[in-house]
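Presented below is the structure to which this report refers.
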Amino acid sequence: MENFRALLITRDEATKKQSVGEAVLTSADLMDGDVDVRVDYSTINYKDGLAITGTLPVVRRFPMIPGVDLAGTVTASSNPGFKPGDKVILNGWGVGEVHLGAFSQMARVKGDWLIPLPAGLDGAEAMAVGTAGYTAMLALIALEAHGVKPSSGPVVVTGAAGGLGSFAVTLLADAGYTVHAVTGRAHEHDYLRGLGAGEIIDRAELAGPAKPLAKERWAGAIDAVGGTMLANIISMIGYHGAVAACGNAGGMELPTSVAPFILRGISLLGIDSVRQPKAVRIAAWDRLAKDLDPKKLAAMTTRIPFSGIVNAAHDIMAGKVRGRLVVDIG
Ligand code: NDP
């Protein structure tokens with residue numbers, strides 16, 4: 001493909017203001033890498049919203065093609081692990097931040113960042129999972145490794161109607177946990193119950209300043225929100241429980257105290273999706289492909305065209321997106 005379509009973020013270096021628009025590029029515009037991929041599908045994550053709207057300095061090189069997740073087909077490769085025709089996926093690795101990203105018909109990346117499309121998922125389904133679903137699986141694996149079991153007690157999920165939260169609710173419920181879902185959206189209660197939430201908690205209940213210790217409510221948590229909500233959750237985790245901290249949709253700060261850690265022995269498990277070793281990525285994706293209920297995956301997913309990316313980025317920042325958005329790139 002000589003010419004291809006991409007979304008490009010540029011920045012006026014004098015004013016530091018960024019602009020976003022479609023551009024026609026050639027393969028000479030791409031950055032170094034040993035595998036060329038025709039991008040079939042991508043998705044909009046919260047991080048893509050941050051990048052496109054410029055809310056936080058996610059983009060660290062201009063011009064930048066945003067988009068942190070891709071599913072595509074290899075068109076050329078000098079990497080021994082991949083050959084033309086291979087179906088592949090990529091999450092993270094600075095793609096869409098420091099390396100030209102996924103909202104483009106072509107990408108040139110390092111083969112080390114790619115893994116084969118997991119058996120049992122097609123490209124669109126893999127992008128319905130995307131970084132959000134993959135991170136929720138990493139969080140579930142971290143809670144399990146810590147010893148939080150379905151019999152330990154309920155597990156709470158924050159930002160539950162968002163992408164990561166929807167997956168956390170589904171994966172926990174299908175693994176046998178009792179799930180309490182925190183949401184600010186009253187009209188999404190039925191959706192969350194359909195994914196497996198046993199109890200719904202209004203976001204406002206966890207919005208005030210956190211006490212050092214509060215009544216024990218949960219054995220574990222998957223948190224997409226951070227800030228005061230995470231501080232409240234930490235104060236309510238039972239003895240030796242754990243919180244998988246994944247996100248910052250409600251803020252970067254963490255106004256907590258040492259009390260839950262030294263008096264209840266709770267653990268805060270940091271979850272990073274961007275730079276996981278290949279074996280961890282493959283194991284998490286294989287489990288996603290095996291465990292996910294296709295009906296629930298479909299219920300969480302909305303397909304949008306390439307031309308809808310910028311509006312969707314604004315919607316995700318406004319907390320209006322339910323579940324996951326798949327972008328038809330081809
Ligand atoms: P979404 O926008 O889809 O979901 C975020 C959800 O958080 C919203 O839907 C909303 O849920 C809730 N929320 C938004 N604003 C606030 C607020 N001010 N206070 C409380 N709750 C709020 O984003 P994603 O699911 O894609 O990502 C969620 C978070 O996880 C982001 O911060 C993202 O950066 C992070 N993330 C981190 C990764 C990692 O590697 N650690 C990987 C992927 C994502 P509701 O309406 O139900 O209340």
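Within each chain, counting starts at residue 1; across the structure tokens, chains are named A, B, ... in the order shown, with ligands numbered 1 upward in that order.
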Find the spatial neighbours of Lys110 of chain A, counting only C-alpha atoms, within a cut-off of 7 Å - ignore same-chain residues fewer than 3 positions away - and output them as an MDAnalysis selection string.
chainID A and resid 33:35 113
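Neighbouring residues of Ala160 of chain A at 9 Å or closer, counting only C-alpha atoms and skipping chain neighbours under 6 positions away, are A:Ser166, A:Phe167, A:Ala168, A:Val169, A:Ala181, A:Val182, A:Thr183, A:Gly184, A:Leu192, A:Asp223, A:Ala224, A:Gly323.
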Using N, CA and C atoms, can you export the residues from the last selection as a PDB file, in the first residue's frame?
```pdb
ATOM      1  N   SER A 166     -16.090  -2.808  32.579  1.00  0.00           N
ATOM      2  CA  SER A 166     -17.020  -3.809  32.022  1.00  0.00           C
ATOM      3  C   SER A 166     -16.352  -5.176  31.960  1.00  0.00           C
ATOM      4  N   PHE A 167     -15.082  -5.190  31.530  1.00  0.00           N
ATOM      5  CA  PHE A 167     -14.360  -6.464  31.477  1.00  0.00           C
ATOM      6  C   PHE A 167     -14.100  -7.019  32.861  1.00  0.00           C
ATOM      7  N   ALA A 168     -13.742  -6.137  33.803  1.00  0.00           N
ATOM      8  CA  ALA A 168     -13.464  -6.615  35.164  1.00  0.00           C
ATOM      9  C   ALA A 168     -14.718  -7.275  35.741  1.00  0.00           C
ATOM     10  N   VAL A 169     -15.880  -6.632  35.561  1.00  0.00           N
ATOM     11  CA  VAL A 169     -17.133  -7.207  36.072  1.00  0.00           C
ATOM     12  C   VAL A 169     -17.374  -8.579  35.443  1.00  0.00           C
ATOM     13  N   ALA A 181     -20.404  -3.490  41.625  1.00  0.00           N
ATOM     14  CA  ALA A 181     -19.982  -2.577  40.562  1.00  0.00           C
ATOM     15  C   ALA A 181     -20.278  -1.136  40.963  1.00  0.00           C
ATOM     16  N   VAL A 182     -19.268  -0.270  40.893  1.00  0.00           N
ATOM     17  CA  VAL A 182     -19.464   1.150  41.208  1.00  0.00           C
ATOM     18  C   VAL A 182     -19.617   1.911  39.902  1.00  0.00           C
ATOM     19  N   THR A 183     -20.702   2.656  39.785  1.00  0.00           N
ATOM     20  CA  THR A 183     -20.913   3.457  38.576  1.00  0.00           C
ATOM     21  C   THR A 183     -21.565   4.784  38.934  1.00  0.00           C
ATOM     22  N   GLY A 184     -21.326   5.784  38.093  1.00  0.00           N
ATOM     23  CA  GLY A 184     -22.016   7.066  38.241  1.00  0.00           C
ATOM     24  C   GLY A 184     -23.222   7.144  37.327  1.00  0.00           C
ATOM     25  N   LEU A 192     -24.955  -3.521  33.652  1.00  0.00           N
ATOM     26  CA  LEU A 192     -23.970  -4.103  34.581  1.00  0.00           C
ATOM     27  C   LEU A 192     -24.490  -5.412  35.188  1.00  0.00           C
ATOM     28  N   ASP A 223      -9.656  -1.417  40.339  1.00  0.00           N
ATOM     29  CA  ASP A 223      -9.961   0.020  40.326  1.00  0.00           C
ATOM     30  C   ASP A 223      -9.481   0.677  39.035  1.00  0.00           C
ATOM     31  N   ALA A 224     -10.419   1.339  38.331  1.00  0.00           N
ATOM     32  CA  ALA A 224     -10.094   2.063  37.106  1.00  0.00           C
ATOM     33  C   ALA A 224     -10.079   3.569  37.342  1.00  0.00           C
ATOM     34  N   GLY A 323     -18.828   0.496  27.854  1.00  0.00           N
ATOM     35  CA  GLY A 323     -18.085  -0.667  27.374  1.00  0.00           C
ATOM     36  C   GLY A 323     -16.991  -0.259  26.411  1.00  0.00           C
TER      37      GLY A 323
END
```
Write out as an MDAnalysis selection string each polymer residue (protein, DNA or RNA) that has an atom no more than 7 Å from ligand 1, with only C-alpha atoms and all ligand atoms counted.
chainID A and resid 45:47 131:132 135 158:165 182:185 203 224:225 229 246:251 271:274 316:317 319:324
Write out as number ranges by chain which residues come within 8 Å of segment 303-309 of chain A when counting only C-alpha atoms, dropping same-chain ones fewer than 4 positions away.
A: 44, 103, 313, 325-329
May I have the residues from that selection written out with all heavy atoms, as a short mmCIF file (atom, residue, chain, number, x, y, z; two decimals), in the first residue's frame?
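This went into selection_34.cif:
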```cif
data_model
loop_
_atom_site.label_atom_id
_atom_site.label_comp_id
_atom_site.auth_asym_id
_atom_site.auth_seq_id
_atom_site.Cartn_x
_atom_site.Cartn_y
_atom_site.Cartn_z
N ILE A 44 -10.83 2.51 20.86
CA ILE A 44 -10.57 3.76 21.60
C ILE A 44 -10.47 3.42 23.08
O ILE A 44 -11.46 3.01 23.69
CB ILE A 44 -11.70 4.79 21.43
CG1 ILE A 44 -12.16 4.88 19.97
CG2 ILE A 44 -11.31 6.14 22.01
CD1 ILE A 44 -11.48 5.87 19.12
N PHE A 103 -4.19 4.29 14.64
CA PHE A 103 -5.27 4.89 13.85
C PHE A 103 -4.74 5.24 12.47
O PHE A 103 -4.61 6.42 12.08
CB PHE A 103 -5.86 6.10 14.58
CG PHE A 103 -6.46 5.77 15.92
CD1 PHE A 103 -6.45 6.70 16.95
CD2 PHE A 103 -7.05 4.54 16.16
CE1 PHE A 103 -7.00 6.41 18.19
CE2 PHE A 103 -7.61 4.22 17.39
CZ PHE A 103 -7.57 5.16 18.41
N ALA A 313 -13.24 10.01 20.99
CA ALA A 313 -12.21 10.38 21.97
C ALA A 313 -12.77 11.41 22.95
O ALA A 313 -12.52 11.34 24.16
CB ALA A 313 -10.99 10.95 21.25
N LEU A 325 -15.33 0.41 22.31
CA LEU A 325 -15.53 0.87 20.95
C LEU A 325 -14.50 0.19 20.04
O LEU A 325 -13.31 0.24 20.33
CB LEU A 325 -15.32 2.39 20.87
CG LEU A 325 -16.27 3.25 21.69
CD1 LEU A 325 -15.82 4.70 21.67
CD2 LEU A 325 -17.69 3.12 21.15
N VAL A 326 -14.97 -0.42 18.97
CA VAL A 326 -14.05 -1.01 17.98
C VAL A 326 -14.05 -0.12 16.75
O VAL A 326 -15.10 0.26 16.24
CB VAL A 326 -14.51 -2.44 17.60
CG1 VAL A 326 -13.71 -2.97 16.41
CG2 VAL A 326 -14.36 -3.36 18.79
N VAL A 327 -12.86 0.23 16.27
CA VAL A 327 -12.74 1.09 15.09
C VAL A 327 -12.40 0.22 13.88
O VAL A 327 -11.42 -0.51 13.88
CB VAL A 327 -11.61 2.14 15.26
CG1 VAL A 327 -11.62 3.09 14.08
CG2 VAL A 327 -11.75 2.91 16.57
N ASP A 328 -13.25 0.36 12.87
CA ASP A 328 -13.03 -0.32 11.60
C ASP A 328 -12.02 0.49 10.81
O ASP A 328 -12.35 1.54 10.26
CB ASP A 328 -14.39 -0.27 10.84
CG ASP A 328 -14.73 -1.60 10.30
OD1 ASP A 328 -13.85 -2.23 9.72
OD2 ASP A 328 -15.92 -1.98 10.46
N ILE A 329 -10.78 0.04 10.75
CA ILE A 329 -9.74 0.87 10.10
C ILE A 329 -9.71 0.63 8.60
O ILE A 329 -9.59 1.55 7.80
CB ILE A 329 -8.34 0.56 10.69
CG1 ILE A 329 -8.30 0.87 12.20
CG2 ILE A 329 -7.26 1.32 9.93
CD1 ILE A 329 -8.20 2.29 12.58
#
```
Identify which of the residues A:Ala51, A:Ile234, A:Leu121, A:Ile282 lies closest to Ser257 of chain A, counting only C-alpha atoms when measuring atom-to-atom distances.
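Closest residue, counting only C-alpha atoms: A:Ile234.
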Expected answer as a ChimeraX atom specification: alpha helix (DSSP H) residues in segment 110-284 of chain A
/A:123-146,163-174,189-195,227-235,259-263,278-284
Between segment 260-327 of chain A and segment 242-245 of chain A, at 9 Å or less, what are the per-residue closest atom pairs and their distances in Å? Count only C-alpha atoms, order by chain and rising residue number, and return it as a Markdown table.
```
| residue | atom | partner | partner_atom | distance |
| --- | --- | --- | --- | --- |
| A:Gly265 | CA | A:Ala242 | CA | 8.9 |
| A:Ile266 | CA | A:Ala242 | CA | 5.4 |
| A:Ser267 | CA | A:Ala242 | CA | 4.6 |
| A:Leu268 | CA | A:Val243 | CA | 5.0 |
| A:Leu269 | CA | A:Ala244 | CA | 4.7 |
| A:Gly270 | CA | A:Ala245 | CA | 5.2 |
| A:Ile271 | CA | A:Ala245 | CA | 6.0 |
```
Saved selection, atoms kept: C-alpha atoms, as an mmCIF file, in the first residue's frame:
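Below is the file that was written, out-v2.cif:
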```cif
data_model
loop_
_atom_site.group_PDB
_atom_site.id
_atom_site.type_symbol
_atom_site.label_atom_id
_atom_site.label_comp_id
_atom_site.auth_asym_id
_atom_site.auth_seq_id
_atom_site.Cartn_x
_atom_site.Cartn_y
_atom_site.Cartn_z
ATOM 1 C CA GLY A 265 -2.276 -6.052 55.904
ATOM 2 C CA ILE A 266 -3.916 -5.116 52.628
ATOM 3 C CA SER A 267 -1.886 -4.880 49.413
ATOM 4 C CA LEU A 268 -2.008 -2.391 46.575
ATOM 5 C CA LEU A 269 -1.113 -4.201 43.348
ATOM 6 C CA GLY A 270 0.011 -1.932 40.501
ATOM 7 C CA ILE A 271 -1.147 -3.072 37.059
#
```
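Atom CA of Ala23 of chain A lies 5.9 Å from atom CA of Arg5 of chain A.
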